[in-house]
Amino acid sequence: MQLVRCLQARLCCSSSSVVTPKEKRGALSLFKTQISSGPSFHDFIRGLPGSNTTNTSGIDIEYNHDYLSADMVLGNSRKVYFETYGCQMNVNDTDIAWSILQRNGYQRTAYISEADVVLLVTCSIREKAEQTIWNRLQQLTAMKNKRLRSRTPMKIGILGCMAERLKTELLEREKLVDVLAGPDAYRDLPRLLSLAEGGQQASNVLLSLEETYADIMPVHHSPQGHSAFVSIMRGCDNMCSYCIVPFTRGRERSRSASSIIEEVRILSDQAMKEVTLLGQNVNSYRDTSEEQFCGATPTKLSRGFKTVYRPKLGGLRFSDLLDKVSQVNPNMRIRFTSPHPKDFPDEVLHLIAERKNICKQIHLPAQSGSSRVLKAMRRGYTRETYLELVQNIRNIIKDVSLSSDFISGFCGETEEDHQQTLSLIREVGYNIGFLFAYSMRKKTHAFHSLKDDVAPDVKQRRLEECISVFRKEAARVNATLIGSTQLVLVEGESKRSAKELCGRTDSNMRVIFPRKNVAVHSAESNMDAIMAGDFVLVKILSASSQSLRGQAQQLV
């Protein structure tokens, strides 16, 4: 075993304790002896009499590992740099991981050149996403090898879905990674990084039936500081035949409503203007943490929709949570993503319609317009059922906007199936979409039972046709907003010009408008500059498939 590097005594804490060189040598010697033989059964029993781990730093340790000195799992002011890839859940996971490391004495840096630890929060939803990470690992390894020997060697870690799915390849392929932590193992990061500091590869990719990080308050790292994500549930039970999520994120489990409400209340006190509730299947939320919630009433689904699993009984449902969250601060916008179409019973739709601060925008992933393909995907609905849901949503929620996901070239998709998808896009009229060519994932039902028989060039051609039709319809839908006045939450400066600002409407459309002073409320004589985080009324003057342009009228 390689010699364990001596940790530098740069403790970031309030304690005045000083660890002497002799004490460090003694702790290091004990650590090397214990780690060579590994933990014993004694170490896995918390609270056992005689279990006595000393922490001389004064820093809060997330977990005690009795076979490691508490000081050994401290960051000792080492600097960590995060790169986040993929979905918004990964953004939230980054905040959770950083919260845990910050408690353990790490510092965060925005500059990779300063980093002692580089952590990539990864996505496995498509092959292209994984290839991006492999390429990045090659670049980071080259950077790591160039580090001067006088500096602390840089450690590289992979967090999230890719860590769970490709654990063997990541650890063995060209030895590119020092640390692996799956989506349910972020609490273990201090220990894993401690082992990596000693020259070992360290991994924990175990999935949990219970972990929700409900007690971890994420350290939100939004540069604008006006919007935050709040994770309400993790995992997915839908088992769609193309999807890797149930295998990388595990089974569904929901946070207690009380912990979510408390986090939203804290964010409101911090003057957050918008909160997005997150989950792999966010609207299947079901809190069974309290006995009073555990009844025998089965979960309500959208009319005509089915699941691959048995009906779930009892629990505080998504409509109940959304009701409570929206009442924390009536002036704070509430969004949620990503939902499944099956979990939109009428009570959810009526609540969205009634509450002014719940955004009138619904993400409704269709994936295909062909009932035959939807059956192969195990989506639990037909084209006709989906369209009935769309109509029901529009009947209940006035001026609702819809977004969707589509997959081109799924197993067995014919040209007729593809044409049905194009016709669905035209018929519904979405304003935002996420469209991709199908990418076969190992472990999925499709991998074991279906054949990836659509040629890559055909997938690409069909994808391009879907994108073309989608943009044309989005431009038509967005053009109906010309002349209207929209309430916009300002995000900051436009990427293309410092003379312009950008923000998002209630329907999540991006709006660009000139930077200028405007009236405050209705007092025309009182003018003020528009800042990030402000709500402003903007009159829409033009529209494209991807954005709106207008003139700011007044601050709200």
# chains A, B, ... in the order shown; residues from 1 in each chain; ligands from 1
>>> closest_atom_pairs(of="region 126-178 of chain A", to="region 434-453 of chain A", cutoff="10 Å", atoms="only C-alpha atoms", output="Markdown table")
| residue | atom | partner | partner_atom | distance |
| --- | --- | --- | --- | --- |
| A:Arg126 | CA | A:Ser439 | CA | 5.6 |
| A:Glu127 | CA | A:Ser439 | CA | 6.2 |
| A:Lys128 | CA | A:Ser439 | CA | 8.4 |
| A:Arg165 | CA | A:Lys442 | CA | 8.8 |
>>> residues_around(residues="region 81-87 of chain A", least_positions_apart="5", cutoff="8 Å", atoms="only C-alpha atoms", output="JSON, numbers by chain")
{"A": [94, 108, 109, 110, 111, 112, 115, 116, 117, 118, 119, 120, 121, 122, 123, 129]}
>>> write_last_selection(atoms="C-alpha atoms", output="short mmCIF file (atom, residue, chain, number, x, y, z; two decimals), in the first residue's frame")
data_model
loop_
_atom_site.label_atom_id
_atom_site.label_comp_id
_atom_site.auth_asym_id
_atom_site.auth_seq_id
_atom_site.Cartn_x
_atom_site.Cartn_y
_atom_site.Cartn_z
CA THR A 94 -23.85 19.53 -6.15
CA ARG A 108 -14.74 25.89 -2.53
CA THR A 109 -12.92 27.47 -5.44
CA ALA A 110 -14.19 28.77 -8.76
CA TYR A 111 -10.79 28.18 -10.36
CA ILE A 112 -9.71 24.68 -11.31
CA ALA A 115 -8.21 22.95 -6.78
CA ASP A 116 -6.91 20.15 -4.59
CA VAL A 117 -10.02 18.14 -5.40
CA VAL A 118 -12.03 18.17 -8.64
CA LEU A 119 -15.49 16.58 -8.47
CA LEU A 120 -17.59 15.95 -11.58
CA VAL A 121 -21.33 15.51 -10.93
CA THR A 122 -22.33 13.29 -13.82
CA CYS A 123 -25.23 12.11 -15.99
CA ALA A 129 -23.33 12.57 -21.86
#
>>> residues_around(residues="Tyr430 (chain A)", least_positions_apart="4", cutoff="9 Å", atoms="only C-alpha atoms", output="PDB file with all heavy atoms, in the first residue's frame")
ATOM      1  N   SER A 401     -49.026  26.960 -20.425  1.00  0.00           N
ATOM      2  CA  SER A 401     -48.052  26.623 -21.471  1.00  0.00           C
ATOM      3  C   SER A 401     -47.514  25.230 -21.184  1.00  0.00           C
ATOM      4  O   SER A 401     -47.364  24.831 -20.024  1.00  0.00           O
ATOM      5  CB  SER A 401     -46.920  27.641 -21.513  1.00  0.00           C
ATOM      6  OG  SER A 401     -46.180  27.612 -20.311  1.00  0.00           O
ATOM      7  N   LEU A 402     -47.207  24.508 -22.236  1.00  0.00           N
ATOM      8  CA  LEU A 402     -46.767  23.123 -22.117  1.00  0.00           C
ATOM      9  C   LEU A 402     -45.395  22.938 -22.739  1.00  0.00           C
ATOM     10  O   LEU A 402     -45.078  23.524 -23.784  1.00  0.00           O
ATOM     11  CB  LEU A 402     -47.766  22.183 -22.797  1.00  0.00           C
ATOM     12  CG  LEU A 402     -49.210  22.195 -22.277  1.00  0.00           C
ATOM     13  CD1 LEU A 402     -50.078  21.269 -23.116  1.00  0.00           C
ATOM     14  CD2 LEU A 402     -49.258  21.810 -20.811  1.00  0.00           C
ATOM     15  N   SER A 403     -44.600  22.111 -22.094  1.00  0.00           N
ATOM     16  CA  SER A 403     -43.312  21.692 -22.664  1.00  0.00           C
ATOM     17  C   SER A 403     -43.286  20.170 -22.678  1.00  0.00           C
ATOM     18  O   SER A 403     -44.135  19.520 -22.063  1.00  0.00           O
ATOM     19  CB  SER A 403     -42.144  22.251 -21.840  1.00  0.00           C
ATOM     20  OG  SER A 403     -42.246  21.838 -20.484  1.00  0.00           O
ATOM     21  N   SER A 404     -42.307  19.583 -23.382  1.00  0.00           N
ATOM     22  CA  SER A 404     -42.316  18.129 -23.504  1.00  0.00           C
ATOM     23  C   SER A 404     -40.940  17.582 -23.851  1.00  0.00           C
ATOM     24  O   SER A 404     -40.014  18.329 -24.177  1.00  0.00           O
ATOM     25  CB  SER A 404     -43.325  17.700 -24.584  1.00  0.00           C
ATOM     26  OG  SER A 404     -43.592  16.308 -24.505  1.00  0.00           O
ATOM     27  N   ILE A 425     -46.859  16.713 -32.137  1.00  0.00           N
ATOM     28  CA  ILE A 425     -46.196  17.992 -31.861  1.00  0.00           C
ATOM     29  C   ILE A 425     -47.018  19.134 -32.450  1.00  0.00           C
ATOM     30  O   ILE A 425     -47.220  20.175 -31.801  1.00  0.00           O
ATOM     31  CB  ILE A 425     -44.765  17.991 -32.433  1.00  0.00           C
ATOM     32  CG1 ILE A 425     -43.888  16.966 -31.693  1.00  0.00           C
ATOM     33  CG2 ILE A 425     -44.141  19.390 -32.327  1.00  0.00           C
ATOM     34  CD1 ILE A 425     -42.517  16.755 -32.320  1.00  0.00           C
ATOM     35  N   ARG A 426     -47.520  18.943 -33.670  1.00  0.00           N
ATOM     36  CA  ARG A 426     -48.341  19.982 -34.311  1.00  0.00           C
ATOM     37  C   ARG A 426     -49.666  20.172 -33.578  1.00  0.00           C
ATOM     38  O   ARG A 426     -50.136  21.308 -33.406  1.00  0.00           O
ATOM     39  CB  ARG A 426     -48.605  19.608 -35.768  1.00  0.00           C
ATOM     40  CG  ARG A 426     -47.376  19.598 -36.671  1.00  0.00           C
ATOM     41  CD  ARG A 426     -47.775  19.403 -38.125  1.00  0.00           C
ATOM     42  NE  ARG A 426     -46.609  19.312 -38.995  1.00  0.00           N
ATOM     43  CZ  ARG A 426     -46.108  18.156 -39.452  1.00  0.00           C
ATOM     44  NH1 ARG A 426     -46.702  16.998 -39.116  1.00  0.00           N
ATOM     45  NH2 ARG A 426     -45.048  18.149 -40.229  1.00  0.00           N
ATOM     46  N   PHE A 470     -41.002  21.156 -34.272  1.00  0.00           N
ATOM     47  CA  PHE A 470     -41.160  21.709 -32.922  1.00  0.00           C
ATOM     48  C   PHE A 470     -40.904  23.213 -32.926  1.00  0.00           C
ATOM     49  O   PHE A 470     -41.674  23.987 -32.335  1.00  0.00           O
ATOM     50  CB  PHE A 470     -40.194  21.009 -31.965  1.00  0.00           C
ATOM     51  CG  PHE A 470     -40.651  21.029 -30.538  1.00  0.00           C
ATOM     52  CD1 PHE A 470     -41.169  19.887 -29.947  1.00  0.00           C
ATOM     53  CD2 PHE A 470     -40.587  22.183 -29.779  1.00  0.00           C
ATOM     54  CE1 PHE A 470     -41.610  19.898 -28.632  1.00  0.00           C
ATOM     55  CE2 PHE A 470     -41.019  22.213 -28.475  1.00  0.00           C
ATOM     56  CZ  PHE A 470     -41.532  21.057 -27.894  1.00  0.00           C
ATOM     57  N   GLU A 473     -43.771  25.160 -34.586  1.00  0.00           N
ATOM     58  CA  GLU A 473     -44.954  25.262 -33.737  1.00  0.00           C
ATOM     59  C   GLU A 473     -44.706  26.161 -32.532  1.00  0.00           C
ATOM     60  O   GLU A 473     -45.591  26.911 -32.104  1.00  0.00           O
ATOM     61  CB  GLU A 473     -45.393  23.867 -33.278  1.00  0.00           C
ATOM     62  CG  GLU A 473     -45.924  22.992 -34.396  1.00  0.00           C
ATOM     63  CD  GLU A 473     -47.073  23.646 -35.141  1.00  0.00           C
ATOM     64  OE1 GLU A 473     -48.026  24.116 -34.479  1.00  0.00           O
ATOM     65  OE2 GLU A 473     -47.017  23.706 -36.386  1.00  0.00           O
ATOM     66  N   ALA A 474     -43.488  26.097 -31.964  1.00  0.00           N
ATOM     67  CA  ALA A 474     -43.156  26.958 -30.823  1.00  0.00           C
ATOM     68  C   ALA A 474     -43.190  28.426 -31.231  1.00  0.00           C
ATOM     69  O   ALA A 474     -43.672  29.283 -30.476  1.00  0.00           O
ATOM     70  CB  ALA A 474     -41.792  26.590 -30.263  1.00  0.00           C
ATOM     71  N   VAL A 477     -46.832  29.399 -31.356  1.00  0.00           N
ATOM     72  CA  VAL A 477     -47.392  29.562 -30.009  1.00  0.00           C
ATOM     73  C   VAL A 477     -46.889  30.844 -29.362  1.00  0.00           C
ATOM     74  O   VAL A 477     -47.659  31.620 -28.776  1.00  0.00           O
ATOM     75  CB  VAL A 477     -47.048  28.345 -29.136  1.00  0.00           C
ATOM     76  CG1 VAL A 477     -47.442  28.595 -27.678  1.00  0.00           C
ATOM     77  CG2 VAL A 477     -47.726  27.085 -29.666  1.00  0.00           C
TER      78      VAL A 477
END
>>> residues_around(residues="Thr307 (chain A)", least_positions_apart="3", cutoff="12 Å", atoms="only C-alpha atoms", output="JSON, numbers by chain")
{"A": [236, 237, 238, 239, 240, 284, 299, 300, 301, 302, 304, 310, 311, 312, 340, 341, 342, 343, 375, 378, 379, 380, 381]}
>>> select_by_dssp(residues="region 131-245 of chain A", states="strand (DSSP E)", output="PyMOL selection string")
chain A and resi 155-160+179-181+202-204+227-231+233-234
>>> atom_distance(atom1="CA of Met332 (chain A)", atom2="CA of Asn357 (chain A)")
6.2 Å
>>> select_by_dssp(residues="region 348-511 of chain A", states="alpha helix (DSSP H)", output="ChimeraX atom specification")
/A:348-354,371-377,383-396,415-428,445-449,456-479
>>> closest_residue(among="A:Gly199, A:Asn92, A:Leu487, A:Glu493", to="Ile540 (chain A)", atoms="only C-alpha atoms")
A:Leu487
>>> closest_residue(among="A:Gln131, A:Glu388, A:Ile216, A:Val245", to="Met89 (chain A)", atoms="only C-alpha atoms")
A:Val245
>>> residues_around(residues="Val275 (chain A)", least_positions_apart="5", cutoff="7 Å", atoms="only C-alpha atoms", output="compact mmCIF listing (two decimals) with N, CA and C atoms, in the first residue's frame")
# COMPACT_ATOMS: atom_id res chain seq x y z
N SER A 227 -32.96 32.39 -7.24
CA SER A 227 -33.70 31.17 -7.56
C SER A 227 -33.00 29.97 -6.96
N ALA A 228 -33.78 28.99 -6.49
CA ALA A 228 -33.19 27.82 -5.84
C ALA A 228 -33.99 26.57 -6.17
N PHE A 229 -33.30 25.43 -6.14
CA PHE A 229 -33.93 24.13 -6.33
C PHE A 229 -34.09 23.46 -4.96
N VAL A 230 -35.22 22.79 -4.77
CA VAL A 230 -35.47 22.04 -3.55
C VAL A 230 -35.87 20.62 -3.93
N ARG A 333 -42.42 32.63 -6.55
CA ARG A 333 -42.84 31.71 -7.61
C ARG A 333 -42.51 30.27 -7.24
N ILE A 334 -43.42 29.37 -7.60
CA ILE A 334 -43.20 27.94 -7.37
C ILE A 334 -43.28 27.21 -8.71
N ARG A 335 -42.24 26.45 -9.01
CA ARG A 335 -42.22 25.57 -10.18
C ARG A 335 -41.96 24.15 -9.70
>>> atom_distance(atom1="CA of Glu500 (chain A)", atom2="CA of Phe513 (chain A)")
5.6 Å
>>> residues_around(residues="Met217 (chain A)", least_positions_apart="5", cutoff="9 Å", atoms="only C-alpha atoms", output="PyMOL selection string")
chain A and resi 95-96+99+263
